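Asks: Just one file: data-v7.txt, with compact mmCIF, C-alpha atoms and all ligand atoms.
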```
# COMPACT_ATOMS: atom_id res chain seq x y z
CA MET A 1 -26.59 -45.60 123.14
CA LEU A 2 -27.25 -45.11 126.83
CA LYS A 3 -24.19 -43.88 128.70
CA THR A 4 -24.72 -43.68 132.42
CA ILE A 5 -27.24 -41.97 134.67
CA LYS A 6 -27.22 -40.15 137.96
CA LEU A 7 -29.38 -41.82 140.59
CA ALA A 8 -31.80 -39.72 142.59
CA ASN A 9 -30.73 -41.32 145.88
CA LYS A 10 -27.16 -41.01 147.10
CA ASN A 11 -27.11 -44.49 148.65
CA PHE A 12 -28.09 -48.02 147.64
CA LEU A 13 -29.08 -49.52 150.98
CA SER A 14 -32.28 -51.17 149.83
CA SER A 15 -33.75 -52.38 146.55
CA LEU A 16 -36.26 -49.57 146.99
CA ASP A 17 -33.57 -46.87 146.90
CA ILE A 18 -33.95 -46.91 143.13
CA SER A 19 -37.07 -46.42 141.04
CA SER A 20 -38.26 -48.97 138.49
CA GLU A 21 -36.98 -46.64 135.71
CA GLU A 22 -33.55 -46.43 137.34
CA PHE A 23 -33.55 -50.19 137.81
CA LEU A 24 -34.15 -50.79 134.11
CA GLN A 25 -31.56 -48.19 133.16
CA ILE A 26 -28.94 -49.84 135.40
CA LEU A 27 -29.70 -53.18 133.70
CA GLU A 28 -29.27 -51.52 130.29
CA ILE A 29 -25.93 -49.98 131.31
CA ALA A 30 -24.85 -53.36 132.71
CA LYS A 31 -25.72 -55.00 129.41
CA ASN A 32 -23.62 -52.39 127.58
CA PHE A 33 -20.68 -53.04 129.89
CA LYS A 34 -21.09 -56.79 129.36
CA ASN A 35 -21.22 -56.43 125.56
CA LYS A 36 -18.26 -54.03 125.69
CA ASP A 37 -20.41 -51.29 124.10
CA LEU A 38 -19.60 -48.93 126.93
CA ASN A 39 -16.05 -48.16 127.95
CA LEU A 40 -16.54 -45.67 130.72
CA LYS A 41 -13.54 -44.73 132.86
CA LEU A 42 -13.84 -43.13 136.27
CA LYS A 43 -10.14 -42.60 136.83
CA ASP A 44 -8.77 -42.48 140.37
CA LYS A 45 -12.04 -43.27 142.14
CA VAL A 46 -11.71 -45.42 145.24
CA LEU A 47 -14.22 -47.96 146.54
CA GLY A 48 -13.92 -48.92 150.21
CA LEU A 49 -15.09 -52.45 151.05
CA ILE A 50 -16.11 -53.31 154.61
CA PHE A 51 -16.98 -56.98 155.01
CA ASP A 52 -18.09 -58.13 158.47
CA LYS A 53 -19.08 -61.47 156.89
CA SER A 54 -17.31 -63.70 154.35
CA SER A 55 -17.71 -63.17 150.63
CA THR A 56 -16.35 -64.45 147.35
CA ARG A 57 -18.66 -63.13 144.62
CA THR A 58 -19.60 -59.76 146.07
CA ARG A 59 -16.07 -58.85 147.12
CA VAL A 60 -14.35 -59.96 143.90
CA SER A 61 -17.05 -58.66 141.55
CA PHE A 62 -16.82 -55.23 143.20
CA GLN A 63 -13.02 -55.29 142.99
CA VAL A 64 -12.99 -56.25 139.32
CA ALA A 65 -15.85 -53.88 138.44
CA MET A 66 -13.93 -51.01 140.02
CA SER A 67 -10.74 -51.96 138.24
CA ARG A 68 -12.63 -52.10 134.90
CA LEU A 69 -13.80 -48.55 135.60
CA GLY A 70 -10.20 -47.45 136.07
CA GLY A 71 -10.54 -47.09 139.83
CA THR A 72 -9.25 -49.00 142.78
CA THR A 73 -10.51 -50.65 146.00
CA VAL A 74 -9.49 -50.74 149.64
CA ASP A 75 -10.58 -53.95 151.35
CA LEU A 76 -11.12 -53.62 155.09
CA ASN A 77 -11.95 -56.50 157.33
CA PRO A 78 -12.89 -56.16 160.98
CA ASN A 79 -9.89 -58.16 162.24
CA THR A 80 -7.23 -56.03 160.62
CA SER A 81 -8.91 -52.65 161.02
CA GLN A 82 -10.15 -50.83 164.12
CA ILE A 83 -13.72 -51.83 163.24
CA GLY A 84 -13.26 -55.16 165.07
CA ARG A 85 -12.08 -53.30 168.14
CA GLY A 86 -15.43 -51.53 168.25
CA GLU A 87 -14.60 -48.10 166.85
CA PRO A 88 -17.99 -46.37 166.51
CA ILE A 89 -19.56 -46.56 163.07
CA ARG A 90 -20.01 -42.79 163.02
CA ASP A 91 -16.23 -42.31 163.38
CA THR A 92 -15.26 -44.98 160.84
CA ALA A 93 -17.80 -43.62 158.35
CA ARG A 94 -16.58 -40.02 158.65
CA VAL A 95 -12.95 -41.04 158.24
CA LEU A 96 -13.42 -43.49 155.37
CA SER A 97 -15.58 -41.13 153.40
CA ARG A 98 -12.66 -38.65 153.39
CA TYR A 99 -10.48 -41.29 151.70
CA CYS A 100 -12.96 -43.15 149.51
CA ASP A 101 -15.49 -42.05 146.87
CA VAL A 102 -17.98 -44.83 147.64
CA ILE A 103 -18.22 -47.54 150.31
CA ALA A 104 -19.77 -51.02 150.02
CA ILE A 105 -20.63 -52.69 153.31
CA ARG A 106 -21.57 -56.27 154.21
CA THR A 107 -22.78 -56.48 157.77
CA PHE A 108 -25.48 -57.97 159.99
CA LYS A 109 -27.95 -55.26 160.95
CA GLN A 110 -29.60 -53.03 158.36
CA SER A 111 -29.59 -50.33 161.05
CA ASP A 112 -25.75 -50.44 161.18
CA LEU A 113 -25.62 -49.98 157.42
CA GLU A 114 -27.99 -47.03 157.75
CA GLU A 115 -25.76 -45.58 160.48
CA TYR A 116 -22.76 -45.75 158.10
CA ALA A 117 -24.82 -44.01 155.43
CA LYS A 118 -25.94 -41.32 157.88
CA TRP A 119 -22.35 -40.38 158.74
CA SER A 120 -20.69 -40.97 155.39
CA SER A 121 -20.42 -38.04 153.01
CA LYS A 122 -20.01 -40.52 150.13
CA PRO A 123 -22.48 -43.08 148.73
CA VAL A 124 -22.92 -46.28 150.71
CA ILE A 125 -23.89 -49.58 149.05
CA ASN A 126 -25.51 -52.58 150.74
CA ALA A 127 -23.26 -55.57 149.99
CA LEU A 128 -25.64 -57.77 152.05
CA THR A 129 -27.28 -57.39 155.43
CA ASP A 130 -29.55 -59.75 157.33
CA LEU A 131 -32.47 -57.87 155.77
CA GLU A 132 -31.54 -57.35 152.12
CA HIS A 133 -29.12 -58.18 149.31
CA PRO A 134 -30.00 -55.58 146.66
CA CYS A 135 -26.81 -55.93 144.56
CA GLN A 136 -27.55 -59.63 144.17
CA THR A 137 -31.03 -58.85 142.90
CA LEU A 138 -29.74 -56.46 140.25
CA ALA A 139 -27.77 -59.37 138.78
CA ASP A 140 -30.72 -61.75 139.22
CA PHE A 141 -33.08 -59.59 137.19
CA MET A 142 -30.35 -58.93 134.62
CA THR A 143 -30.09 -62.71 134.17
CA ILE A 144 -33.87 -63.08 133.94
CA LYS A 145 -34.04 -60.29 131.34
CA GLU A 146 -31.32 -61.95 129.24
CA GLU A 147 -33.49 -65.05 129.10
CA PHE A 148 -37.00 -63.64 128.73
CA ILE A 149 -36.25 -60.19 127.13
CA ASP A 150 -38.82 -58.43 129.28
CA PHE A 151 -40.47 -59.15 132.61
CA LYS A 152 -44.03 -59.35 131.31
CA ASN A 153 -45.65 -62.64 132.32
CA VAL A 154 -42.53 -63.87 134.15
CA VAL A 155 -43.34 -65.86 137.28
CA LEU A 156 -40.46 -66.08 139.74
CA THR A 157 -40.68 -68.74 142.45
CA PHE A 158 -38.27 -68.63 145.37
CA ILE A 159 -38.09 -71.84 147.44
CA GLY A 160 -36.33 -71.49 150.77
CA ASP A 161 -35.76 -69.16 153.68
CA GLY A 162 -37.63 -65.84 153.67
CA ASN A 163 -34.41 -64.02 154.37
CA ASN A 164 -32.26 -61.27 152.79
CA VAL A 165 -32.24 -62.64 149.24
CA ALA A 166 -35.96 -63.41 149.26
CA ASN A 167 -36.73 -59.97 150.71
CA SER A 168 -34.84 -58.19 147.93
CA LEU A 169 -36.44 -60.38 145.26
CA ILE A 170 -39.86 -59.43 146.62
CA LEU A 171 -39.08 -55.70 146.58
CA CYS A 172 -37.60 -55.78 143.07
CA GLY A 173 -40.42 -57.98 141.85
CA ALA A 174 -42.85 -55.33 143.09
CA LEU A 175 -40.85 -52.53 141.43
CA LEU A 176 -40.86 -54.38 138.10
CA GLY A 177 -44.39 -55.79 138.34
CA VAL A 178 -43.14 -59.41 138.29
CA GLU A 179 -45.21 -62.14 139.96
CA VAL A 180 -43.17 -63.46 142.89
CA ARG A 181 -44.08 -66.63 144.76
CA ILE A 182 -42.24 -67.53 147.94
CA ALA A 183 -42.44 -71.09 149.30
CA CYS A 184 -40.98 -71.53 152.77
CA PRO A 185 -41.65 -73.69 155.82
CA LYS A 186 -43.97 -72.21 158.45
CA GLY A 187 -42.12 -69.69 160.59
CA TYR A 188 -39.61 -68.79 157.84
CA GLU A 189 -41.78 -66.28 155.96
CA PRO A 190 -40.17 -63.08 154.64
CA ASN A 191 -40.06 -59.90 156.70
CA ASP A 192 -43.53 -58.40 157.32
CA LEU A 193 -42.42 -54.83 156.61
CA VAL A 194 -40.95 -55.96 153.29
CA ILE A 195 -44.19 -57.73 152.38
CA ASN A 196 -46.24 -54.65 153.26
CA LYS A 197 -44.00 -52.33 151.25
CA ALA A 198 -44.16 -54.69 148.26
CA GLN A 199 -47.97 -55.02 148.46
CA LYS A 200 -48.27 -51.23 148.36
CA ILE A 201 -46.11 -51.03 145.24
CA TYR A 202 -48.00 -53.91 143.60
CA LYS A 203 -51.16 -51.89 144.35
CA ASN A 204 -52.93 -55.04 145.64
CA LYS A 205 -52.63 -56.77 142.25
CA ASN A 206 -52.15 -60.11 144.04
CA LEU A 207 -48.78 -60.71 142.38
CA LEU A 208 -47.00 -61.63 145.62
CA LYS A 209 -47.82 -65.07 146.94
CA ILE A 210 -46.41 -66.58 150.11
CA THR A 211 -47.06 -70.27 150.68
CA ASN A 212 -45.74 -73.24 152.63
CA ASP A 213 -46.31 -75.55 149.64
CA PRO A 214 -43.30 -75.73 147.27
CA ILE A 215 -45.07 -77.91 144.70
CA ALA A 216 -47.97 -75.47 144.36
CA ALA A 217 -45.53 -72.55 144.16
CA VAL A 218 -43.57 -73.89 141.19
CA GLN A 219 -46.56 -74.73 138.97
CA GLY A 220 -45.88 -73.10 135.60
CA ALA A 221 -43.11 -70.86 137.02
CA ASN A 222 -40.48 -69.45 134.66
CA VAL A 223 -37.72 -68.94 137.21
CA LEU A 224 -36.93 -71.19 140.17
CA TYR A 225 -34.61 -69.61 142.71
CA THR A 226 -33.15 -70.76 145.98
CA ASP A 227 -30.63 -69.74 148.64
CA VAL A 228 -28.98 -71.54 151.56
CA TRP A 229 -31.25 -72.64 154.39
CA SER A 230 -28.85 -71.35 157.07
CA SER A 231 -27.43 -67.93 156.30
CA MET A 232 -24.19 -66.44 157.59
CA GLY A 233 -24.61 -65.82 161.29
CA GLU A 234 -27.09 -68.72 161.65
CA GLU A 235 -24.52 -71.51 161.81
CA ASN A 236 -25.81 -72.69 165.20
CA GLN A 237 -29.33 -73.19 163.77
CA LYS A 238 -28.13 -75.46 160.97
CA LYS A 239 -29.34 -78.78 162.45
CA GLU A 240 -32.79 -77.44 163.24
CA LYS A 241 -33.18 -75.65 159.90
CA ASP A 242 -32.04 -78.72 157.92
CA LYS A 243 -34.97 -80.55 159.53
CA ASP A 244 -37.48 -77.72 159.07
CA PHE A 245 -36.63 -77.30 155.38
CA LEU A 246 -37.02 -80.97 154.41
CA GLY A 247 -39.14 -81.06 151.24
CA PHE A 248 -37.91 -77.63 150.12
CA THR A 249 -35.05 -78.87 147.91
CA ILE A 250 -35.05 -77.83 144.25
CA ASP A 251 -34.51 -81.21 142.63
CA GLN A 252 -35.51 -82.70 139.28
CA SER A 253 -38.90 -83.87 140.54
CA LEU A 254 -39.79 -80.34 141.73
CA VAL A 255 -38.46 -78.75 138.51
CA LYS A 256 -40.85 -80.94 136.48
CA ASN A 257 -43.76 -78.87 137.84
CA ALA A 258 -42.37 -75.62 136.45
CA ASP A 259 -42.75 -74.26 132.93
CA LYS A 260 -40.86 -76.43 130.43
CA ASP A 261 -38.52 -73.51 129.60
CA ALA A 262 -37.95 -72.53 133.22
CA ILE A 263 -34.50 -71.48 134.35
CA ILE A 264 -32.81 -72.12 137.70
CA LEU A 265 -31.07 -69.44 139.77
CA HIS A 266 -29.10 -69.57 143.03
CA CYS A 267 -27.21 -66.64 144.52
CA LEU A 268 -24.42 -69.03 145.68
CA PRO A 269 -22.66 -70.32 147.69
CA ALA A 270 -24.79 -73.49 147.56
CA TYR A 271 -25.08 -76.53 149.74
CA ARG A 272 -25.65 -79.27 147.21
CA ALA A 273 -28.21 -81.89 148.27
CA LYS A 274 -29.70 -79.42 150.75
CA GLU A 275 -31.53 -76.49 149.09
CA ILE A 276 -30.67 -77.68 145.55
CA SER A 277 -29.55 -80.96 144.01
CA ASP A 278 -26.23 -81.31 142.26
CA GLU A 279 -28.10 -82.48 139.17
CA VAL A 280 -30.17 -79.28 139.00
CA ILE A 281 -27.16 -76.97 139.48
CA GLU A 282 -25.43 -78.74 136.60
CA SER A 283 -28.54 -79.05 134.41
CA GLU A 284 -29.05 -77.18 131.14
CA LYS A 285 -31.74 -75.11 132.85
CA SER A 286 -29.23 -73.65 135.28
CA ARG A 287 -28.18 -70.02 134.70
CA ILE A 288 -26.41 -69.91 138.06
CA PHE A 289 -22.95 -69.11 136.71
CA GLU A 290 -24.25 -66.49 134.24
CA GLN A 291 -26.02 -64.98 137.26
CA ALA A 292 -22.74 -64.94 139.21
CA GLU A 293 -20.96 -63.29 136.26
CA ASN A 294 -23.71 -60.67 136.06
CA ARG A 295 -22.90 -59.54 139.61
CA MET A 296 -19.82 -57.86 138.12
CA HIS A 297 -21.60 -56.17 135.20
CA ALA A 298 -24.51 -55.01 137.34
CA GLN A 299 -22.23 -53.58 140.02
CA GLN A 300 -20.04 -51.89 137.42
CA ALA A 301 -23.23 -50.21 136.19
CA LEU A 302 -24.32 -49.30 139.72
CA LEU A 303 -20.88 -47.83 140.54
CA SER A 304 -20.84 -45.84 137.31
CA CYS A 305 -24.21 -44.31 138.25
CA LEU A 306 -23.22 -43.52 141.84
CA LEU A 307 -19.86 -42.07 140.84
CA SER A 308 -20.72 -40.02 137.77
N1 LIG A 401 -24.04 -64.33 146.36
C1 LIG A 401 -23.13 -63.74 147.16
O1 LIG A 401 -23.34 -62.64 147.68
O2 LIG A 401 -21.99 -64.45 147.28
P1 LIG A 401 -20.79 -64.10 148.27
O3 LIG A 401 -21.27 -64.38 149.67
O4 LIG A 401 -19.69 -65.03 147.85
O5 LIG A 401 -20.42 -62.66 148.09
N1 LIG A 402 -28.82 -65.72 152.67
C1 LIG A 402 -27.41 -65.90 152.46
C2 LIG A 402 -26.98 -65.22 151.20
C3 LIG A 402 -25.54 -65.41 150.85
C4 LIG A 402 -25.16 -64.68 149.59
C5 LIG A 402 -26.66 -65.36 153.65
O1 LIG A 402 -27.05 -64.30 154.17
O2 LIG A 402 -25.70 -66.00 154.09
```
Can I see the file as structure tokens?
Replies:
Amino acid sequence: MLKTIKLANKNFLSSLDISSEEFLQILEIAKNFKNKDLNLKLKDKVLGLIFDKSSTRTRVSFQVAMSRLGGTTVDLNPNTSQIGRGEPIRDTARVLSRYCDVIAIRTFKQSDLEEYAKWSSKPVINALTDLEHPCQTLADFMTIKEEFIDFKNVVLTFIGDGNNVANSLILCGALLGVEVRIACPKGYEPNDLVINKAQKIYKNKNLLKITNDPIAAVQGANVLYTDVWSSMGEENQKKEKDKDFLGFTIDQSLVKNADKDAIILHCLPAYRAKEISDEVIESEKSRIFEQAENRMHAQQALLSCLLS
């Protein structure tokens, strides 16, 4: 039985900070944690959590994962720490990494996360930035693997904003050789650098498709995935985006175009009747709550690898 592994990179700032082999090994470790086949204890380790944006799943799944490993967490928020007062990242990072063994950060700019990692002597984990959400994607592919056993011939269609979640799905899809189709309104395409990096990894196999046509994108797909249209920090664009994304709702009529055994994923939180219908979230095809549960198992695996 696989125990745990040491990752080549110290940090997990991007989905590309791990290799495809490491990715699959983390999923295997996560499965062992989930099945209670692995009872690894990392006594006395401390995870620092810095959340500049709200969170339910990421925060709690990290807290519980750490507690299951026999460690503990310190939850910092900008209003009750000196971070909100504007203490430089390089100072906060140097201080916190003397107290904590690993730090998970949810913030806006990827460059701020990278600045934390530069000054921290301990591993830094991306708990979501405007660019990526790599911890989410670990759980997403764990959920897909539970359903389809391996990733061969899996077609993953993401309908929505080409934002953090879509970017990480693209990068992981490339790592794992999974066909990824992104359907978004014009002007909401994923990050160009992310697309270029993914294309290089796919070695021009034409497995990444970006389209503005959601119906074409779901034809025969095995996994339909969506995320909110207006992300955290974009609250003032909500009215405009609600208009721009009309026709991009995952509802029963769109699902009918997918493979008959297709599953539905959503990173949550969801706006029902916007990016996804209530009926689809509650349908038998939905694996959304298994996916949310897998956040905890996947992060327990990730922590065990970064801390061993
Ligand atoms: N999916 C996700 O990251 O959820 P939270 O914002 O609740 O952490
Ligand atoms: N794209 C969303 C994901 C939330 C988990 C956001 O950034 O708000």
Asks: Find the residues near range 118-130 of chain A: any atom within 9 Å, counting all atoms listed in the file, skip ones fewer than 5 places away on the same chain, and give them as an MDAnalysis selection string.
Replies: chainID A and resid 9:14 49:51 53 58:59 89:98 100:110 113 135:136 163:165 231:233 306:307
Asks: Counting only C-alpha atoms, what is within 12 Å of Glu282 in chain A, bar same-chain residues fewer than 2 positions away, as a PyMOL selection string?
Replies: chain A and resi 251-252+263-266+272+276-280+284-289
Asks: For each of A:Ser304, A:Gln291, A:Asn153, A:Asn196, take the minimum atom-to-atom distance to ligand LIG 401 (chain A), counting all atoms listed in the file, then give the residue where this is smallest.
Replies: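 Closest candidate: A:Gln291.
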Asks: A:Glu114, A:Asp52, A:Asp227, A:Glu240: which is nearest Leu76 in chain A, counting all atoms listed in the file?
Replies: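 Among the listed residues, A:Asp52 lies closest to Leu76 in chain A.
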Asks: If you count all atoms listed in the file, which residues fall within 10 Å of Lys260 in chain A, apart from same-chain ones fewer than 6 positions away, as a PDB file with C-alpha atoms, keeping the file's coordinate frame?
Replies:
```pdb
ATOM      1  CA  GLY A 220     -45.880 -73.100 135.600  1.00  0.00           C
ATOM      2  CA  ALA A 221     -43.110 -70.860 137.020  1.00  0.00           C
ATOM      3  CA  ASN A 222     -40.480 -69.450 134.660  1.00  0.00           C
ATOM      4  CA  LYS A 285     -31.740 -75.110 132.850  1.00  0.00           C
TER       5      LYS A 285
END
```
Asks: In terms of the shortest atom-to-atom distance over all atoms listed in the file, which of A:Leu268, A:Met296, A:Ala117, A:Ile159 is closest to ligand LIG 401 (chain A)?
Replies: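 Going through A:Leu268, A:Met296, A:Ala117, A:Ile159 one by one, the smallest distance to ligand LIG 401 (chain A) is for A:Leu268.
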Asks: Nearest to ligand LIG 402 (chain A): which of A:Val60, A:Cys267, A:Leu24, A:Val218 is it, counting only C-alpha atoms and all ligand atoms?
Replies: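 The shortest atom-to-atom distance to ligand LIG 402 (chain A) comes from A:Cys267.
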Asks: I'd like to know which of A:Asp244, A:Glu290, A:Asp259, A:Asp17 is closest to Val154 in chain A, using all atoms listed in the file.
Replies: A:Asp259
Asks: Suppose you want the space between CA of Gln199 in chain A and CA of Asp150 in chain A; what is it in Å?
Replies: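 That distance, rounded to one decimal, is 21.5 Å.
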Asks: Tell me which protein, DNA and RNA residues are within 12 Å of Glu179 in chain A, counting all atoms listed in the file, leaving out same-chain ones fewer than 5 positions away, and put them as a VMD selection string.
Replies: chain A and resid 151 to 158 169 to 174 198 to 199 202 204 to 210 217 to 218 220 to 223
Asks: Give the answer as one residue: which of A:Lys6, A:Arg68, A:Lys238, A:Lys41 has the shortest atom-to-atom distance to ligand LIG 402 (chain A), using all atoms listed in the file?
Replies: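 Checking each of A:Lys6, A:Arg68, A:Lys238, A:Lys41 against ligand LIG 402 (chain A), counting all atoms listed in the file, the winner is A:Lys238.
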Asks: When you draw a straight line from CA of Gly70 in chain A to atom C4 of ligand LIG 402 (chain A), how long is it in Å?
Replies: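 Separating CA of Gly70 in chain A from atom C4 of ligand LIG 402 (chain A) is a distance of 26.5 Å.
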Asks: List the neighbours of Thr137 in chain A out to 7 Å using all atoms listed in the file; skip same-chain residues closer than 4 positions along the sequence, and give me the result as a list of chain:residue names.
Replies: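 So, after excluding close chain neighbours, the residues are A:His133, A:Phe141, A:Ser168, A:Leu169.
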Asks: Can you measure CA of Glu22 in chain A to CA of Lys45 in chain A for me? One decimal in Å is fine.
Replies: 22.3 Å
